[in-house]
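> I'd like to ask you about the structure that follows.
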Protein chains: 2
Amino acid sequence: MSKILTIGEILVEIIATNKGNGFREAVPLIGPFPSGAPAIFIDQVGKLGQDCAIISRVGDDDFGWVNINRLTDDGVDVSGIEVVPQGTTGSAFVRYREDGSRAFVFNIRNSACGTIELSDEMITLIDGCTHMHVMGTALYAPSVVASILTAVERIKTAGGTVSFDPNLRPEILDSPGMREALQTVLSKTDLFMPSGEELFLFAEATTEDEAVAELLANGIKAIVVKRGAKGASYFDGKTTLDLEGFEVEEIDPTGAGDCFGATFVTFWLQGASPAEALRYANASGARAVTRAGPMEGASTKAELDNLITTQGKA
Amino acid sequence: MSKILTIGEILVEIIATNKGNGFREAVPLIGPFPSGAPAIFIDQVGKLGQDCAIISRVGDDDFGWVNINRLTDDGVDVSGIEVVPQGTTGSAFVRYREDGSRAFVFNIRNSACGTIELSDEMITLIDGCTHMHVMGTALYAPSVVASILTAVERIKTAGGTVSFDPNLRPEILDSPGMREALQTVLSKTDLFMPSGEELFLFAEATTEDEAVAELLANGIKAIVVKRGAKGASYFDGKTTLDLEGFEVEEIDPTGAGDCFGATFVTFWLQGASPAEALRYANASGARAVTRAGPMEGASTKAELDNLITTQGKA
């Protein structure tokens with residue numbers, strides 16, 4: 001039985017309901033929504049009925065319980081979430097600007113998940129998992145990076161697999177030791193899932209075909225390039241696939257890439273063909289954007305089947 | 001020239017717009033509003049045109065600047081507010097329950113203002129002030145308590161005065177060393193401003209008259225008992241005053257006690273009679289509850305004069 005693990009931030013997200021640049025005056029908001037890229041990812045995995053777990057920390061406050069309750073309801077093993085008595089659950093305020101870009105106020109590094117240390121129980125949890133998903137957003141603090149590298153190393157050594165979604169904020173790339181940590185992760189990665197230009201983060205090449213070839217030559221087994229509403233592509237050296245996206249009304253794109261990735265990894269691990277995994281992943285990303293709130297659009301398999309059938313893509 | 005100082009938390013407040021118990025699901029919110037009891041207090045002092053300053057810390061984020069900008073606009077010396085580059089500005093989520101009580105999610109101790117250390121510049125700022133207002137809510141962390149005690153000591157030694165609004169959350173009272181810190185503050189207090197039952201926190205007596213007599217005998221020069229919508233009373237051993245409150249529509253009571261206290265202290269320091277100071281303080285508390293947001297109802301002297309005249313209490 002496969003079991004998917006991820007490690008990283010758990011947040012609540014508070015969303016401004018009107019557009020504008022940031023939070024320097026009182027505006028209408030809605031929240032708290034359960035959030036954090038690794039949490040969204042693992043929630044989508046859980047909703048598909050796949051055994052999975054997350055290692056993180058929250059405060060003993062409503063915002064922590066919003067997340068623990070949701071993840072529990074959706075089938076995620078939450079035994080790796082420590083509730084820190086004097087801690088504060090992380091948060092992200094998000095406001096869309098008129099141009100579609102987003103203004104944020106984050107509380108991550110100074111929140112409960114700003115430090116993640118692996119207890120003996122956590123090591124046992126890691127050793128019970130067969131796949132590790134590394135979310136680039138989670139590389140925000142040295143102890144979290146160290147925990148992720150430990151999990152990658154143990155799971156790979158035990159014969160498991162690793163997927164990696166760079167999902168990087170530019171400021172993270174330049175923090176001390178980050179390039180080395182990313183190279184270590186990449187050297188252990190079986191399934192690499194960059195969005196658009198992220199394909200070139202770890203390649204010398206300047207065209208997509210050459211970058212794909214270069215990364216596969218360096219030992220990555222498969223690459224999925226996410227293209228948002230335009231769909232996605234798959235490459236493994238033998239097979240190349242380009243699938244267009246689904247047509248849906250976009251309400252809130254946050255979390256779509258995480259749901260896409262979770263669905264692809266789940267189907268891939270379960271032995272689906274690349275074409276099937278990519279189709280379900282596209283459907284998952286599409287459904288995710290139709291709901292306000294980063295984790296609200298996570299889907300069951302039945303919901304994905306319904307979208308696929310409705311749009312004649314079965 | 002008198003100058004009023006306070007030290008303590010600066011927060012943003014996020015308010016749920018519907019009633020209910022806490023934040024375990026997404027609800028409509030509005031914010032960020034500038035907040036924190038010491039910040040509300042000093043903002044009201046500034047709006048009355050009284051020279052004043054606050055010592056605190058915020059993160060370099062929109063929530064910090066919401067506060068710095070508002071306090072600056074309202075005439076507060078903000079040179080004592082340190083902007084911590086990697087810090088997070090404190091926050092308080094507030095939701096009113098059906099019974100009028102409030103559910104909170106706080107981020108104070110792990111926020112930028114969770115630690116306040118006094119630099120040489122801060123000591124110079126303290127030495128330029130003639131009155132220190134101690135807000136009980138600010139006694140949330142050892143370094144903040146120490147900073148407050150330093151300011152109290154220096155200002156008193158230089159011939160200045162101290163006011164003290166206990167404004168205590170019960171859990172603070174039982175933290176280590178807190179009773180001693182409170183006794184130290186009380187022993188230096190000239191003007192004591194408890195709300196209702198807080199009068200008995202530091203007295204053996206069980207009736208109001210006896211508690212007042214006991215506290216005055218212990219060296220406090222004047223006591224103002226806040227009674228919310230019912231008004232307030234003043235005691236100094238010679239004069240006893242009971243003033244009823246103003247009739248206003250209550251929208252949001254948060255911050256009313258802070259505005260009341262700020263207005264009383266300001267008028268008292270400026271040499272107003274106790275009756276005049278109490279009348280303006282009542283008007284200030286009354287106006288504060290008519291606006292949503294903790295600091296939104298702070299008043300200018302003209303606004304207070306207008307309310308006093310309108311209600312025939314001049």
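Residue names in the structure tokens use chain letters A, B, ... in the order shown, residue numbers from 1 in each chain, and ligand numbers from 1 in the order shown.
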Chain A residues within 10 Å of chain B, counting only C-alpha atoms: which ones, as an NGL selection string?

:A and (12-17 or 22-34 or 59-67 or 69-70 or 86-90 or 103-112 or 293)

> What would the file look like if the residues just selected were written as a compact mmCIF listing (two decimals), in the first residue's frame with C-alpha atoms?


```txt
# COMPACT_ATOMS: atom_id res chain seq x y z
CA VAL A 12 -5.45 29.95 7.24
CA GLU A 13 -6.19 32.18 4.31
CA ILE A 14 -8.21 35.38 4.63
CA ILE A 15 -9.39 36.73 1.29
CA ALA A 16 -10.35 40.32 0.46
CA THR A 17 -13.65 40.25 -1.39
CA GLY A 22 -2.95 45.35 -0.22
CA PHE A 23 -4.31 45.91 3.25
CA ARG A 24 -3.63 49.45 4.39
CA GLU A 25 -7.30 50.16 5.08
CA ALA A 26 -10.22 48.09 6.31
CA VAL A 27 -11.83 46.09 3.52
CA PRO A 28 -14.43 43.30 3.38
CA LEU A 29 -12.81 39.91 3.88
CA ILE A 30 -13.83 36.29 4.12
CA GLY A 31 -12.09 33.56 6.06
CA PRO A 32 -10.53 31.63 7.68
CA PHE A 33 -10.13 29.08 4.90
CA PRO A 34 -7.80 26.12 5.50
CA GLY A 59 -1.24 26.81 17.25
CA ASP A 60 -3.93 25.68 19.70
CA ASP A 61 -6.41 28.14 18.24
CA ASP A 62 -9.45 28.05 15.96
CA PHE A 63 -7.24 28.51 12.91
CA GLY A 64 -5.29 25.36 13.70
CA TRP A 65 -8.47 23.39 14.24
CA VAL A 66 -10.03 24.65 11.01
CA ASN A 67 -7.16 22.89 9.26
CA ASN A 69 -10.69 19.22 11.17
CA ARG A 70 -10.81 19.69 7.40
CA GLN A 86 1.65 28.82 22.93
CA GLY A 87 1.95 28.87 19.15
CA THR A 88 0.02 30.86 16.58
CA THR A 89 -1.33 29.18 13.46
CA GLY A 90 0.14 30.65 10.29
CA ALA A 103 -1.00 41.23 -2.63
CA PHE A 104 -0.19 39.20 0.48
CA VAL A 105 0.39 39.67 4.19
CA PHE A 106 1.97 36.45 5.44
CA ASN A 107 2.59 35.11 8.91
CA ILE A 108 4.57 31.92 8.33
CA ARG A 109 8.12 32.18 9.72
CA ASN A 110 6.88 33.54 13.07
CA SER A 111 3.99 31.09 13.24
CA ALA A 112 3.80 27.62 14.78
CA GLY A 293 -10.89 29.58 -1.01
```

> Could you please write out, as a PyMOL selection string, every residue of region 162-276 of chain B that DSSP assigns to strand (DSSP E or B)?

chain B and resi 162-165+191-192+195+222-226+232-235+240-243

> I'd like to know which of B:Thr184, B:Ser119, B:Thr263, B:Asn282 is closest to Leu243 (chain B), using only C-alpha atoms.

B:Asn282

> Could you tell me which of B:Cys259, B:Val144, B:Asp252, B:Asp236 comes closest to Ser273 (chain B) if we count only C-alpha atoms?

B:Asp236

> From a DSSP calculation on the backbone, collect every residue of region 48-167 of chain B in helix (DSSP H, G or I) and output the set as a PyMOL selection string.

chain B and resi 62-73+112-114+120-127+136-138+142-157

> Please produce an output containing N, CA and C atoms for each residue in the selection, written as a CSV table (one decimal), in the first residue's frame.


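The result, written out as again.csv:
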```csv
chain,number,residue,atom,x,y,z
B,62,ASP,N,1.8,45.5,5.7
B,62,ASP,CA,0.7,46.5,5.6
B,62,ASP,C,0.1,46.7,7.0
B,63,PHE,N,0.0,45.7,7.8
B,63,PHE,CA,-0.7,45.8,9.1
B,63,PHE,C,0.1,46.7,10.0
B,64,GLY,N,1.4,46.7,10.0
B,64,GLY,CA,2.2,47.7,10.7
B,64,GLY,C,2.0,49.1,10.3
B,65,TRP,N,1.9,49.2,8.9
B,65,TRP,CA,1.8,50.6,8.4
B,65,TRP,C,0.4,51.2,8.6
B,66,VAL,N,-0.6,50.3,8.6
B,66,VAL,CA,-2.0,50.8,8.9
B,66,VAL,C,-1.9,51.5,10.3
B,67,ASN,N,-1.2,50.9,11.2
B,67,ASN,CA,-1.1,51.5,12.6
B,67,ASN,C,-0.2,52.8,12.6
B,68,ILE,N,0.9,52.7,12.0
B,68,ILE,CA,1.9,53.8,12.0
B,68,ILE,C,1.2,55.0,11.3
B,69,ASN,N,0.6,54.7,10.2
B,69,ASN,CA,0.0,55.8,9.4
B,69,ASN,C,-1.1,56.5,10.2
B,70,ARG,N,-2.0,55.7,10.8
B,70,ARG,CA,-3.1,56.2,11.6
B,70,ARG,C,-2.6,57.1,12.8
B,71,LEU,N,-1.7,56.5,13.5
B,71,LEU,CA,-1.2,57.2,14.7
B,71,LEU,C,-0.5,58.5,14.3
B,72,THR,N,0.3,58.4,13.2
B,72,THR,CA,1.0,59.6,12.7
B,72,THR,C,-0.1,60.7,12.4
B,73,ASP,N,-1.1,60.3,11.6
B,73,ASP,CA,-2.1,61.2,11.2
B,73,ASP,C,-2.8,61.9,12.4
B,112,ALA,N,5.6,40.8,16.4
B,112,ALA,CA,6.7,41.8,16.5
B,112,ALA,C,6.7,42.4,17.9
B,113,CYS,N,5.5,42.7,18.5
B,113,CYS,CA,5.4,43.4,19.8
B,113,CYS,C,5.5,42.4,20.9
B,114,GLY,N,5.7,41.1,20.6
B,114,GLY,CA,5.9,40.1,21.7
B,114,GLY,C,7.1,40.4,22.5
B,120,ASP,N,18.8,53.0,23.5
B,120,ASP,CA,19.1,54.3,24.0
B,120,ASP,C,18.1,55.3,23.6
B,121,GLU,N,17.7,55.2,22.3
B,121,GLU,CA,16.8,56.2,21.7
B,121,GLU,C,15.5,56.1,22.5
B,122,MET,N,15.1,54.9,22.9
B,122,MET,CA,13.8,54.8,23.6
B,122,MET,C,13.9,55.4,25.0
B,123,ILE,N,15.1,55.2,25.6
B,123,ILE,CA,15.2,55.8,26.9
B,123,ILE,C,15.2,57.4,26.8
B,124,THR,N,15.8,57.9,25.8
B,124,THR,CA,15.7,59.3,25.5
B,124,THR,C,14.2,59.8,25.3
B,125,LEU,N,13.5,58.9,24.6
B,125,LEU,CA,12.1,59.2,24.4
B,125,LEU,C,11.3,59.2,25.7
B,126,ILE,N,11.5,58.2,26.5
B,126,ILE,CA,10.9,58.1,27.8
B,126,ILE,C,11.2,59.4,28.7
B,127,ASP,N,12.5,59.8,28.6
B,127,ASP,CA,12.9,60.9,29.5
B,127,ASP,C,12.3,62.2,29.0
B,136,GLY,N,-3.0,47.5,31.4
B,136,GLY,CA,-2.9,46.1,31.9
B,136,GLY,C,-2.7,45.1,30.8
B,137,THR,N,-3.4,45.3,29.7
B,137,THR,CA,-3.3,44.3,28.6
B,137,THR,C,-1.8,44.2,28.1
B,138,ALA,N,-1.0,45.2,28.3
B,138,ALA,CA,0.3,45.2,27.8
B,138,ALA,C,1.3,44.4,28.6
B,142,PRO,N,7.5,39.2,29.5
B,142,PRO,CA,8.5,39.7,30.4
B,142,PRO,C,9.2,41.0,30.0
B,143,SER,N,9.6,41.0,28.7
B,143,SER,CA,10.4,42.2,28.2
B,143,SER,C,9.5,43.4,28.2
B,144,VAL,N,8.2,43.2,27.9
B,144,VAL,CA,7.3,44.4,27.9
B,144,VAL,C,7.0,44.9,29.3
B,145,VAL,N,6.8,43.9,30.2
B,145,VAL,CA,6.7,44.3,31.6
B,145,VAL,C,7.9,45.1,32.1
B,146,ALA,N,9.1,44.6,31.8
B,146,ALA,CA,10.3,45.3,32.2
B,146,ALA,C,10.4,46.7,31.6
B,147,SER,N,10.0,46.8,30.3
B,147,SER,CA,10.1,48.1,29.7
B,147,SER,C,9.1,49.1,30.3
B,148,ILE,N,7.9,48.6,30.7
B,148,ILE,CA,6.9,49.4,31.3
B,148,ILE,C,7.4,49.9,32.7
B,149,LEU,N,8.0,48.9,33.5
B,149,LEU,CA,8.5,49.3,34.8
B,149,LEU,C,9.6,50.3,34.7
B,150,THR,N,10.5,50.2,33.7
B,150,THR,CA,11.6,51.1,33.5
B,150,THR,C,11.0,52.5,33.3
B,151,ALA,N,10.0,52.6,32.4
B,151,ALA,CA,9.4,53.9,32.1
B,151,ALA,C,8.7,54.5,33.3
B,152,VAL,N,8.0,53.7,34.0
B,152,VAL,CA,7.3,54.2,35.2
B,152,VAL,C,8.3,54.8,36.2
B,153,GLU,N,9.4,54.0,36.4
B,153,GLU,CA,10.4,54.4,37.4
B,153,GLU,C,11.1,55.7,37.0
B,154,ARG,N,11.5,55.8,35.7
B,154,ARG,CA,12.2,57.0,35.2
B,154,ARG,C,11.3,58.2,35.2
B,155,ILE,N,10.0,58.1,34.8
B,155,ILE,CA,9.1,59.2,34.7
B,155,ILE,C,8.7,59.7,36.1
B,156,LYS,N,8.5,58.7,37.0
B,156,LYS,CA,8.2,59.1,38.4
B,156,LYS,C,9.4,59.8,39.1
B,157,THR,N,10.6,59.3,38.9
B,157,THR,CA,11.8,59.9,39.5
B,157,THR,C,12.0,61.3,39.0
```

> Measuring atom to atom with only C-alpha atoms, identify which of A:Gly285, A:Thr309, A:Phe267, A:Leu182 is nearest to Arg227 (chain A).

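For Arg227 (chain A), the nearest of the candidates is A:Gly285.
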
> Please provide the set of residues having any atom within 7 Å of Asp190 (chain A), restricted to only C-alpha atoms, with same-chain residues fewer than 2 positions apart removed, written as a PyMOL selection string.

chain A and resi 161-163+188+192+220-222

> Rounded to one decimal, what separation in Å do you get between CA of Thr206 (chain A) and CA of Ser175 (chain A)?

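Taking CA of Thr206 (chain A) and CA of Ser175 (chain A), their separation equals 24.4 Å.
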
> Can you tell me which residues surround Ala277 (chain A) at a distance of at most 10 Å, considering only C-alpha atoms, apart from same-chain residues fewer than 5 positions away, and format the answer as a PyMOL selection string?

chain A and resi 234+260-261+263-272+282-283

> Can you list, as a VMD selection string, every protein, DNA or RNA residue that comes within 10 Å of Arg102 (chain A) when you count only C-alpha atoms, leaving out same-chain residues fewer than 6 positions away?

chain A and resid 19 to 22 93 to 96 254

> What's the separation between CA of Val248 (chain B) and CA of Thr290 (chain B), in Å to one decimal place?

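Distance reported for this atom pair: 6.9 Å.
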